[in-house]
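**Q** run_27.txt is reproduced below (compact mmCIF, C-alpha atoms and all ligand atoms).
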```
# COMPACT_ATOMS: atom_id res chain seq x y z
CA MET A 1 17.47 42.94 -40.82
CA ASN A 2 17.52 44.88 -44.11
CA THR A 3 17.87 48.65 -43.81
CA ILE A 4 15.54 50.46 -46.14
CA GLN A 5 17.36 52.99 -48.31
CA SER A 6 15.28 56.07 -48.92
CA TYR A 7 15.95 59.10 -51.07
CA ASP A 8 15.05 62.76 -51.21
CA ASN A 9 14.88 64.35 -54.64
CA ARG A 10 14.26 67.87 -53.43
CA PRO A 11 16.96 70.40 -54.33
CA ILE A 12 19.85 71.50 -52.12
CA GLY A 13 19.74 75.24 -51.42
CA VAL A 14 23.05 77.11 -51.52
CA PHE A 15 23.54 80.77 -50.74
CA ASP A 16 26.30 83.32 -50.61
CA SER A 17 26.64 87.08 -50.37
CA GLY A 18 27.20 87.12 -54.13
CA LEU A 19 29.12 85.19 -56.74
CA GLY A 20 31.73 83.56 -54.53
CA GLY A 21 29.51 80.67 -53.38
CA LEU A 22 29.69 79.35 -56.93
CA THR A 23 33.11 77.95 -55.95
CA ALA A 24 31.15 75.67 -53.58
CA VAL A 25 28.58 74.83 -56.29
CA LYS A 26 31.51 73.82 -58.53
CA GLU A 27 32.68 71.33 -55.87
CA LEU A 28 29.14 70.12 -55.06
CA THR A 29 28.56 69.42 -58.76
CA ARG A 30 31.83 67.49 -58.98
CA ILE A 31 31.09 65.45 -55.86
CA PHE A 32 27.42 64.74 -56.56
CA PRO A 33 26.46 65.69 -60.09
CA ASN A 34 22.95 64.24 -59.89
CA GLU A 35 21.67 66.62 -57.18
CA ASN A 36 19.39 69.55 -58.09
CA ILE A 37 20.72 72.87 -56.74
CA ILE A 38 19.02 76.19 -56.12
CA TYR A 39 21.55 78.97 -55.66
CA PHE A 40 20.90 82.41 -54.24
CA GLY A 41 23.59 85.08 -54.59
CA ASP A 42 22.81 88.25 -52.67
CA THR A 43 24.53 90.42 -55.29
CA GLY A 44 22.48 93.48 -54.36
CA ARG A 45 23.86 93.52 -50.79
CA VAL A 46 27.39 92.13 -51.23
CA PRO A 47 29.81 92.40 -49.43
CA TYR A 48 28.78 90.86 -46.11
CA GLY A 49 32.36 90.70 -44.85
CA THR A 50 32.59 94.34 -43.83
CA ARG A 51 29.11 94.62 -42.21
CA SER A 52 27.98 94.44 -38.59
CA GLU A 53 26.91 91.18 -36.95
CA GLU A 54 23.32 92.43 -36.71
CA THR A 55 23.11 93.18 -40.44
CA ILE A 56 24.76 89.90 -41.45
CA ILE A 57 22.29 87.91 -39.30
CA LYS A 58 19.34 89.79 -40.84
CA TYR A 59 20.58 89.14 -44.39
CA VAL A 60 21.34 85.47 -43.75
CA ARG A 61 17.89 84.93 -42.20
CA GLN A 62 16.30 86.29 -45.37
CA ASP A 63 18.57 84.18 -47.60
CA ILE A 64 17.52 81.01 -45.75
CA ARG A 65 13.84 81.97 -45.84
CA PHE A 66 14.05 82.48 -49.60
CA LEU A 67 15.64 79.06 -50.17
CA MET A 68 13.11 77.40 -47.86
CA SER A 69 10.30 78.84 -49.96
CA HIS A 70 11.67 76.51 -52.69
CA ASN A 71 11.23 73.42 -50.51
CA VAL A 72 14.94 72.63 -50.28
CA LYS A 73 16.10 69.55 -48.32
CA ALA A 74 19.19 71.32 -46.93
CA VAL A 75 20.67 74.79 -46.92
CA VAL A 76 24.39 75.24 -47.48
CA ALA A 77 25.81 78.57 -46.36
CA ALA A 78 28.66 78.68 -48.86
CA CYS A 79 29.74 82.04 -47.47
CA GLY A 80 32.58 82.20 -44.93
CA THR A 81 31.19 85.35 -43.34
CA ALA A 82 27.61 84.04 -43.06
CA SER A 83 28.85 80.76 -41.58
CA SER A 84 31.14 82.45 -39.04
CA VAL A 85 28.91 85.31 -37.95
CA ALA A 86 25.28 84.21 -38.36
CA LEU A 87 24.69 80.45 -38.46
CA ASN A 88 25.15 79.90 -34.75
CA HIS A 89 22.39 82.44 -34.05
CA LEU A 90 20.00 80.91 -36.59
CA LYS A 91 20.56 77.17 -36.28
CA ASN A 92 17.44 76.54 -34.17
CA GLU A 93 15.22 78.86 -36.16
CA PHE A 94 14.70 76.72 -39.26
CA PRO A 95 13.40 73.14 -39.61
CA VAL A 96 16.00 72.29 -42.23
CA GLU A 97 19.50 70.84 -42.33
CA LEU A 98 21.69 73.96 -42.11
CA ILE A 99 25.27 73.37 -43.24
CA GLY A 100 28.05 75.94 -42.91
CA VAL A 101 31.68 75.93 -43.92
CA LEU A 102 33.12 76.16 -40.41
CA GLU A 103 32.81 72.61 -39.11
CA PRO A 104 34.11 70.75 -42.19
CA VAL A 105 36.96 73.19 -42.67
CA CYS A 106 38.14 73.10 -39.04
CA THR A 107 38.00 69.28 -39.07
CA ALA A 108 39.96 69.09 -42.34
CA ALA A 109 42.62 71.52 -41.09
CA LEU A 110 43.09 69.54 -37.87
CA LYS A 111 43.55 66.33 -39.87
CA LYS A 112 46.23 67.96 -42.01
CA THR A 113 48.34 69.89 -39.49
CA LYS A 114 51.43 68.17 -38.16
CA ASN A 115 52.98 71.03 -36.17
CA HIS A 116 49.62 72.16 -34.69
CA LYS A 117 49.87 75.67 -36.18
CA ILE A 118 46.97 76.65 -38.43
CA GLY A 119 46.49 79.92 -40.30
CA VAL A 120 43.07 81.29 -41.27
CA LEU A 121 42.44 83.85 -44.00
CA GLY A 122 39.02 85.53 -44.15
CA THR A 123 37.02 88.72 -44.51
CA PRO A 124 37.17 91.24 -41.63
CA GLY A 125 33.73 89.98 -40.46
CA THR A 126 34.90 86.37 -40.34
CA ILE A 127 38.16 87.15 -38.57
CA ASN A 128 36.57 89.55 -36.06
CA SER A 129 34.04 86.85 -35.13
CA GLY A 130 36.90 84.58 -33.97
CA ALA A 131 34.73 81.66 -35.12
CA TYR A 132 37.54 79.68 -36.74
CA SER A 133 39.81 79.93 -33.69
CA ALA A 134 36.93 78.92 -31.44
CA GLY A 135 35.90 76.07 -33.78
CA ILE A 136 39.43 74.66 -34.00
CA GLN A 137 40.25 75.06 -30.32
CA LYS A 138 36.99 73.40 -29.32
CA LEU A 139 38.20 70.31 -31.17
CA ASN A 140 41.84 70.58 -30.04
CA SER A 141 42.91 73.22 -27.54
CA ALA A 142 46.61 72.50 -28.14
CA VAL A 143 46.50 74.04 -31.61
CA THR A 144 47.72 77.60 -32.25
CA VAL A 145 45.50 79.50 -34.68
CA ILE A 146 46.72 82.64 -36.44
CA GLU A 147 43.90 84.56 -38.09
CA GLN A 148 44.39 87.19 -40.76
CA ALA A 149 41.77 89.48 -42.30
CA CYS A 150 42.36 90.09 -46.02
CA PRO A 151 40.04 93.00 -46.93
CA MET A 152 41.59 93.54 -50.37
CA PHE A 153 41.22 89.96 -51.63
CA VAL A 154 37.48 90.13 -52.47
CA PRO A 155 37.74 93.33 -54.57
CA LEU A 156 40.88 92.02 -56.29
CA VAL A 157 39.09 88.80 -57.29
CA GLU A 158 35.92 90.60 -58.36
CA ASN A 159 38.00 92.79 -60.65
CA GLY A 160 39.72 89.78 -62.18
CA TYR A 161 43.15 90.55 -60.65
CA LEU A 162 43.85 86.88 -60.01
CA THR A 163 47.59 86.92 -60.68
CA HIS A 164 48.20 90.68 -60.95
CA PRO A 165 51.33 92.15 -59.27
CA ALA A 166 49.01 94.05 -56.88
CA THR A 167 47.57 90.73 -55.74
CA TYR A 168 51.05 89.37 -54.99
CA LEU A 169 51.80 92.53 -53.01
CA PHE A 170 48.71 92.18 -50.80
CA ALA A 171 49.09 88.42 -50.50
CA GLU A 172 52.69 88.80 -49.27
CA GLU A 173 51.53 91.32 -46.69
CA TYR A 174 48.64 89.12 -45.46
CA LEU A 175 50.63 85.88 -45.43
CA LYS A 176 53.69 87.29 -43.66
CA PRO A 177 52.37 86.86 -40.06
CA LEU A 178 51.29 83.29 -40.85
CA MET A 179 54.68 82.42 -42.31
CA GLU A 180 56.51 84.01 -39.38
CA LYS A 181 54.57 81.71 -37.04
CA GLN A 182 55.44 78.78 -39.34
CA VAL A 183 51.91 77.51 -39.86
CA ASP A 184 51.83 74.27 -41.86
CA THR A 185 48.12 74.51 -42.82
CA VAL A 186 46.16 77.50 -44.10
CA ILE A 187 42.37 77.72 -44.33
CA LEU A 188 40.96 79.73 -47.22
CA GLY A 189 38.01 80.92 -45.12
CA CYS A 190 36.25 82.91 -47.84
CA THR A 191 34.46 81.89 -51.02
CA HIS A 192 36.64 84.09 -53.21
CA TYR A 193 40.03 82.87 -52.08
CA PRO A 194 40.20 79.60 -54.08
CA LEU A 195 40.59 81.87 -57.11
CA LEU A 196 43.81 83.20 -55.56
CA GLU A 197 45.14 79.74 -54.75
CA THR A 198 47.94 80.00 -57.34
CA VAL A 199 49.30 83.20 -55.76
CA ILE A 200 48.76 81.99 -52.19
CA THR A 201 50.43 78.60 -52.68
CA GLU A 202 53.30 80.18 -54.58
CA ILE A 203 54.05 82.46 -51.62
CA LEU A 204 53.48 79.84 -48.92
CA GLY A 205 55.49 77.13 -50.66
CA ASP A 206 54.91 73.39 -51.01
CA SER A 207 55.30 72.55 -47.33
CA VAL A 208 52.04 74.33 -46.40
CA THR A 209 48.66 72.63 -47.00
CA VAL A 210 45.88 74.90 -48.22
CA ILE A 211 42.30 74.01 -47.25
CA ASN A 212 39.57 74.92 -49.75
CA ALA A 213 36.30 75.61 -47.89
CA GLY A 214 34.08 74.84 -50.90
CA TYR A 215 35.54 71.37 -51.39
CA GLU A 216 35.42 70.41 -47.70
CA THR A 217 31.85 71.71 -47.37
CA ALA A 218 30.71 69.76 -50.43
CA LEU A 219 32.18 66.53 -48.98
CA HIS A 220 30.55 67.24 -45.62
CA THR A 221 27.18 67.92 -47.26
CA LYS A 222 27.31 64.58 -49.05
CA GLN A 223 28.15 62.79 -45.81
CA ILE A 224 25.24 64.41 -43.95
CA LEU A 225 22.71 63.68 -46.72
CA LYS A 226 23.95 60.10 -46.94
CA GLU A 227 23.64 59.55 -43.18
CA LYS A 228 20.10 60.93 -43.24
CA ASN A 229 19.06 58.93 -46.32
CA MET A 230 18.50 62.21 -48.13
CA LEU A 231 20.59 61.75 -51.27
CA SER A 232 18.86 62.06 -54.62
CA SER A 233 17.90 58.90 -56.52
CA GLN A 234 18.15 60.78 -59.80
CA THR A 235 20.64 59.21 -62.22
CA GLU A 236 20.83 62.03 -64.73
CA CYS A 237 22.67 65.34 -64.09
CA GLY A 238 20.88 67.63 -61.65
CA ASN A 239 19.21 70.92 -62.59
CA HIS A 240 20.75 74.15 -61.36
CA THR A 241 18.65 77.27 -60.87
CA TYR A 242 20.18 80.62 -59.98
CA TYR A 243 18.62 83.61 -58.24
CA VAL A 244 20.23 86.96 -57.48
CA SER A 245 19.16 90.22 -55.84
CA ASP A 246 20.77 92.49 -58.46
CA ASP A 247 21.86 92.54 -62.10
CA VAL A 248 21.25 89.18 -63.81
CA ALA A 249 23.53 89.83 -66.78
CA LYS A 250 26.52 90.65 -64.57
CA PHE A 251 26.02 87.45 -62.56
CA SER A 252 25.77 85.31 -65.70
CA CYS A 253 28.88 86.92 -67.14
CA LEU A 254 31.18 86.94 -64.07
CA GLY A 255 29.78 83.77 -62.49
CA GLY A 256 31.66 81.54 -64.92
CA MET A 257 34.96 82.61 -63.33
CA PHE A 258 33.84 81.14 -59.96
CA LEU A 259 31.96 78.14 -61.34
CA GLY A 260 34.81 77.15 -63.64
CA LYS A 261 32.45 77.03 -66.62
CA LYS A 262 29.86 79.19 -68.34
CA ILE A 263 26.52 79.61 -66.55
CA LYS A 264 24.02 78.14 -68.98
CA ALA A 265 21.02 77.82 -66.66
CA ALA A 266 18.43 80.53 -66.15
CA VAL A 267 19.20 83.34 -63.70
CA SER A 268 16.32 85.32 -62.15
CA LYS A 269 16.25 88.42 -60.03
CA ILE A 270 14.25 88.43 -56.78
CA ASP A 271 13.40 90.99 -54.13
CA ILE A 272 15.14 89.54 -51.06
CA ASP A 273 13.65 92.20 -48.78
CA THR A 274 10.25 90.49 -49.07
CA TYR A 275 11.56 87.34 -47.31
N1 LIG B 1 31.20 85.46 -49.50
C1 LIG B 1 32.03 86.19 -48.59
C2 LIG B 1 32.77 85.18 -47.68
O1 LIG B 1 32.95 84.04 -48.02
C3 LIG B 1 33.01 87.09 -49.29
C4 LIG B 1 32.38 88.32 -49.91
C5 LIG B 1 31.71 89.21 -48.90
O2 LIG B 1 32.39 89.89 -48.12
O3 LIG B 1 30.48 89.20 -48.89
O4 LIG B 1 33.17 85.55 -46.60
```
How would this structure read if it were set down as structure tokens?

**A**
Amino acid sequence: MNTIQSYDNRPIGVFDSGLGGLTAVKELTRIFPNENIIYFGDTGRVPYGTRSEETIIKYVRQDIRFLMSHNVKAVVAACGTASSVALNHLKNEFPVELIGVLEPVCTAALKKTKNHKIGVLGTPGTINSGAYSAGIQKLNSAVTVIEQACPMFVPLVENGYLTHPATYLFAEEYLKPLMEKQVDTVILGCTHYPLLETVITEILGDSVTVINAGYETALHTKQILKEKNMLSSQTECGNHTYYVSDDVAKFSCLGGMFLGKKIKAAVSKIDIDTY
């Protein structure tokens, strides 16, 4: 019997607390360039990583509602904090494929580790939620997980201090407990951390595998859409549309650092409190 291949040309919705989710858009574009993407960066309310669970859930609910108003076929929470703190609470609330970073990243880390010691770097919100430890140990309870909050990493990245001596100083401090426990795999559990990969890998050394959440989530998204016959049939490059909740010019200017290229598409400001 022939299986009928169907397609879904609606856009994929991606959101983050601000600019950082563009690291996931970069990977999504590399992995499936023909998909249309609608991105929402909650630049007016960033950071999420230092807020309470209640506030993060409220913000994430509004972010998803906004994207759903654009008839998206799936919503990707490109934000480590949103995925760790809020998605579990909201997964049954929306009739849409809701994809977070947690599952693909935990699976990838478990495939890579040989000594069963995994380190996780994230915002205070992500680390306090314990979501990565729980996610990994649910899949393999024999694994030791060492979690480390890195509150200075987001401001360092946002100020362009990607390889500054201050960044090395903080990175050495944050990575020390992971190195003492001899982890062989480290999860970059925040959107901003791929920009610090040079510093992080230099300190950790070649024997440690670093997992990039954006890349793993992009691969996972493709797999889900493929399984559900929801990939786009478009052959040309997809359209990208960007929305923010604060200054458009700042997003267009700084966004290139996260996306790996200049943002050429239109960026519009919306009032997220109305969603
Ligand atoms: N996007 C956030 C994350 O991945 C980092 C910035 C923030 O704290 O909002 O956890």

**Q** Let me make sure I understand: among A:Leu219, A:Leu19, A:Ile31, A:Ala131, which one has the smallest atom-to-atom distance to His192 in chain A if we use only C-alpha atoms?

**A** A:Leu19

**Q** Name the residues in contact with Gln234 in chain A at a cut-off of 9 Å, using only C-alpha atoms, excluding same-chain residues fewer than 2 positions from it; report them as a ChimeraX atom specification.

**A** /A:9,34-35,231-232,236-238

**Q** Could you list, with a cut-off of 7 Å and counting all atoms listed in the file, the residues of chain A near ligand LIG 1 (chain B), each shown with its nearest atom pair and the distance in Å rounded to one decimal, rows sorted by chain and ascending number, as JSON lines?

**A**
```
{"residue": "A:Asp16", "atom": "CA", "partner": "B:LIG1", "partner_atom": "N1", "distance": 5.5}
{"residue": "A:Ser17", "atom": "CA", "partner": "B:LIG1", "partner_atom": "O3", "distance": 4.6}
{"residue": "A:Gly18", "atom": "CA", "partner": "B:LIG1", "partner_atom": "N1", "distance": 6.3}
{"residue": "A:Gly20", "atom": "CA", "partner": "B:LIG1", "partner_atom": "N1", "distance": 5.4}
{"residue": "A:Gly21", "atom": "CA", "partner": "B:LIG1", "partner_atom": "N1", "distance": 6.4}
{"residue": "A:Val46", "atom": "CA", "partner": "B:LIG1", "partner_atom": "O3", "distance": 4.9}
{"residue": "A:Pro47", "atom": "CA", "partner": "B:LIG1", "partner_atom": "O3", "distance": 3.3}
{"residue": "A:Tyr48", "atom": "CA", "partner": "B:LIG1", "partner_atom": "O3", "distance": 3.7}
{"residue": "A:Gly49", "atom": "CA", "partner": "B:LIG1", "partner_atom": "O2", "distance": 3.4}
{"residue": "A:Thr50", "atom": "CA", "partner": "B:LIG1", "partner_atom": "O2", "distance": 6.2}
{"residue": "A:Ala78", "atom": "CA", "partner": "B:LIG1", "partner_atom": "O1", "distance": 6.9}
{"residue": "A:Cys79", "atom": "CA", "partner": "B:LIG1", "partner_atom": "O1", "distance": 3.8}
{"residue": "A:Gly80", "atom": "CA", "partner": "B:LIG1", "partner_atom": "O1", "distance": 3.6}
{"residue": "A:Thr81", "atom": "CA", "partner": "B:LIG1", "partner_atom": "O4", "distance": 3.8}
{"residue": "A:Ala82", "atom": "CA", "partner": "B:LIG1", "partner_atom": "O4", "distance": 6.8}
{"residue": "A:Gly122", "atom": "CA", "partner": "B:LIG1", "partner_atom": "O4", "distance": 6.3}
{"residue": "A:Thr123", "atom": "CA", "partner": "B:LIG1", "partner_atom": "O4", "distance": 5.4}
{"residue": "A:Thr126", "atom": "CA", "partner": "B:LIG1", "partner_atom": "O4", "distance": 6.5}
{"residue": "A:Val154", "atom": "CA", "partner": "B:LIG1", "partner_atom": "C4", "distance": 6.0}
{"residue": "A:Gly189", "atom": "CA", "partner": "B:LIG1", "partner_atom": "O1", "distance": 6.6}
{"residue": "A:Cys190", "atom": "CA", "partner": "B:LIG1", "partner_atom": "O1", "distance": 3.5}
{"residue": "A:Thr191", "atom": "CA", "partner": "B:LIG1", "partner_atom": "O1", "distance": 4.0}
{"residue": "A:His192", "atom": "CA", "partner": "B:LIG1", "partner_atom": "C3", "distance": 6.1}
```

**Q** Suppose we keep C-alpha atoms; can you now write the selection as a PDB file, in the frame of the given file?

**A**
```
ATOM      1  CA  ASP A  16      26.300  83.320 -50.610  1.00  0.00           C
ATOM      2  CA  SER A  17      26.640  87.080 -50.370  1.00  0.00           C
ATOM      3  CA  GLY A  18      27.200  87.120 -54.130  1.00  0.00           C
ATOM      4  CA  GLY A  20      31.730  83.560 -54.530  1.00  0.00           C
ATOM      5  CA  GLY A  21      29.510  80.670 -53.380  1.00  0.00           C
ATOM      6  CA  VAL A  46      27.390  92.130 -51.230  1.00  0.00           C
ATOM      7  CA  PRO A  47      29.810  92.400 -49.430  1.00  0.00           C
ATOM      8  CA  TYR A  48      28.780  90.860 -46.110  1.00  0.00           C
ATOM      9  CA  GLY A  49      32.360  90.700 -44.850  1.00  0.00           C
ATOM     10  CA  THR A  50      32.590  94.340 -43.830  1.00  0.00           C
ATOM     11  CA  ALA A  78      28.660  78.680 -48.860  1.00  0.00           C
ATOM     12  CA  CYS A  79      29.740  82.040 -47.470  1.00  0.00           C
ATOM     13  CA  GLY A  80      32.580  82.200 -44.930  1.00  0.00           C
ATOM     14  CA  THR A  81      31.190  85.350 -43.340  1.00  0.00           C
ATOM     15  CA  ALA A  82      27.610  84.040 -43.060  1.00  0.00           C
ATOM     16  CA  GLY A 122      39.020  85.530 -44.150  1.00  0.00           C
ATOM     17  CA  THR A 123      37.020  88.720 -44.510  1.00  0.00           C
ATOM     18  CA  THR A 126      34.900  86.370 -40.340  1.00  0.00           C
ATOM     19  CA  VAL A 154      37.480  90.130 -52.470  1.00  0.00           C
ATOM     20  CA  GLY A 189      38.010  80.920 -45.120  1.00  0.00           C
ATOM     21  CA  CYS A 190      36.250  82.910 -47.840  1.00  0.00           C
ATOM     22  CA  THR A 191      34.460  81.890 -51.020  1.00  0.00           C
ATOM     23  CA  HIS A 192      36.640  84.090 -53.210  1.00  0.00           C
TER      24      HIS A 192
END
```

**Q** Out of A:Gln5, A:Arg51, A:Leu175, A:Phe40, which residue has the shortest atom-to-atom distance to Arg65 in chain A when counting only C-alpha atoms?

**A**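 The closest residue to Arg65 in chain A is A:Phe40.
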
**Q** Would you list the contacts of Gly260 in chain A as a list in words, taking every protein, DNA or RNA residue within 12 Å and counting only C-alpha atoms, but skipping same-chain residues closer than 2 positions in sequence?

**A**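 That gives Gly20, Leu22, Thr23, Ala24, Val25, Lys26, Glu27, Thr29, Arg30, Pro194, Leu195, Cys253, Leu254, Gly255, Gly256, Met257, Phe258, Lys262 and Ile263 of chain A.
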
**Q** Tell me which of A:Ala266, A:Ala77, A:Ile203, A:Val244 sits closest to Glu172 in chain A, counting all atoms listed in the file.

**A**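 Among A:Ala266, A:Ala77, A:Ile203, A:Val244, it is A:Ile203 that comes nearest to Glu172 in chain A.
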
**Q** Hey, what's within 6 Å of range 109-121 of chain A if we count all atoms listed in the file and toss same-chain stuff fewer than 6 positions away? As a ChimeraX atom specification, please?

**A** /A:143-149,178,183,185-189

**Q** Need the shell around Leu98 in chain A: protein/DNA/RNA residues with any atom at most 8 Å away, counting only C-alpha atoms. Skip same-chain ones fewer than 4 positions apart. Format as a VMD selection string?

**A** chain A and resid 74 to 77 91

**Q** Between CA of Val208 in chain A and CA of Asp184 in chain A, what is the spacing in Å?

**A**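 Between CA of Asp184 in chain A and CA of Val208 in chain A the gap works out to 4.5 Å.
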
**Q** To one decimal in Å, tell me the separation between CA of Pro33 in chain A and CA of Arg10 in chain A.

**A** 14.1 Å

**Q** Have a look at CA of Tyr275 in chain A and CA of Phe66 in chain A and let me know their distance in Å, one decimal.

**A**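 Atom-to-atom, CA of Tyr275 in chain A and CA of Phe66 in chain A are spaced 5.9 Å apart.
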
**Q** Set the distance at 10 Å and use all atoms listed in the file: which residues neighbour Ile272 in chain A once local chain neighbours fewer than 2 positions away are removed? I'd like the list as a PyMOL selection string.

**A** chain A and resi 40+42+44-45+59+62-63+65-66+243-246+269-270+274-275

**Q** Would you please work out which residue, of A:Met68, A:Ala108, A:Leu204, A:Ile38, is nearest to Ala265 in chain A when using only C-alpha atoms?

**A**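 Smallest distance to Ala265 in chain A is found for A:Ile38.
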
**Q** Return as JSON the box centre and box size in Å, one decimal, for an axis-aligned box around all listed atoms of range 179-182 of chain A padded by 3 Å per side.

**A**
```
{"center_x": 55.5, "center_y": 81.4, "center_z": -39.7, "size_x": 7.9, "size_y": 11.2, "size_z": 11.3}
```

**Q** Using only C-alpha atoms, which of A:Pro151, A:Ser233, A:Glu158, A:Val267 sits nearest Phe170 in chain A?

**A** A:Pro151

**Q** Each residue of range 205-239 of chain A lying at most 9 Å from range 100-103 of chain A should get a row with its shortest atom-to-atom pair and the distance in Å to one decimal, counting only C-alpha atoms; could you produce that, ordered by chain and increasing number, as CSV?

**A**
```
residue,atom,partner,partner_atom,distance
A:Ala213,CA,A:Val101,CA,6.1
A:Gly214,CA,A:Val101,CA,7.5
A:Glu216,CA,A:Val101,CA,7.7
A:Thr217,CA,A:Val101,CA,5.5
A:His220,CA,A:Glu103,CA,8.7
```

**Q** Counting all atoms listed in the file, which of A:Val157, A:Ala86, A:Leu162, A:Leu139 gets nearest to Gly125 in chain A?

**A** A:Ala86
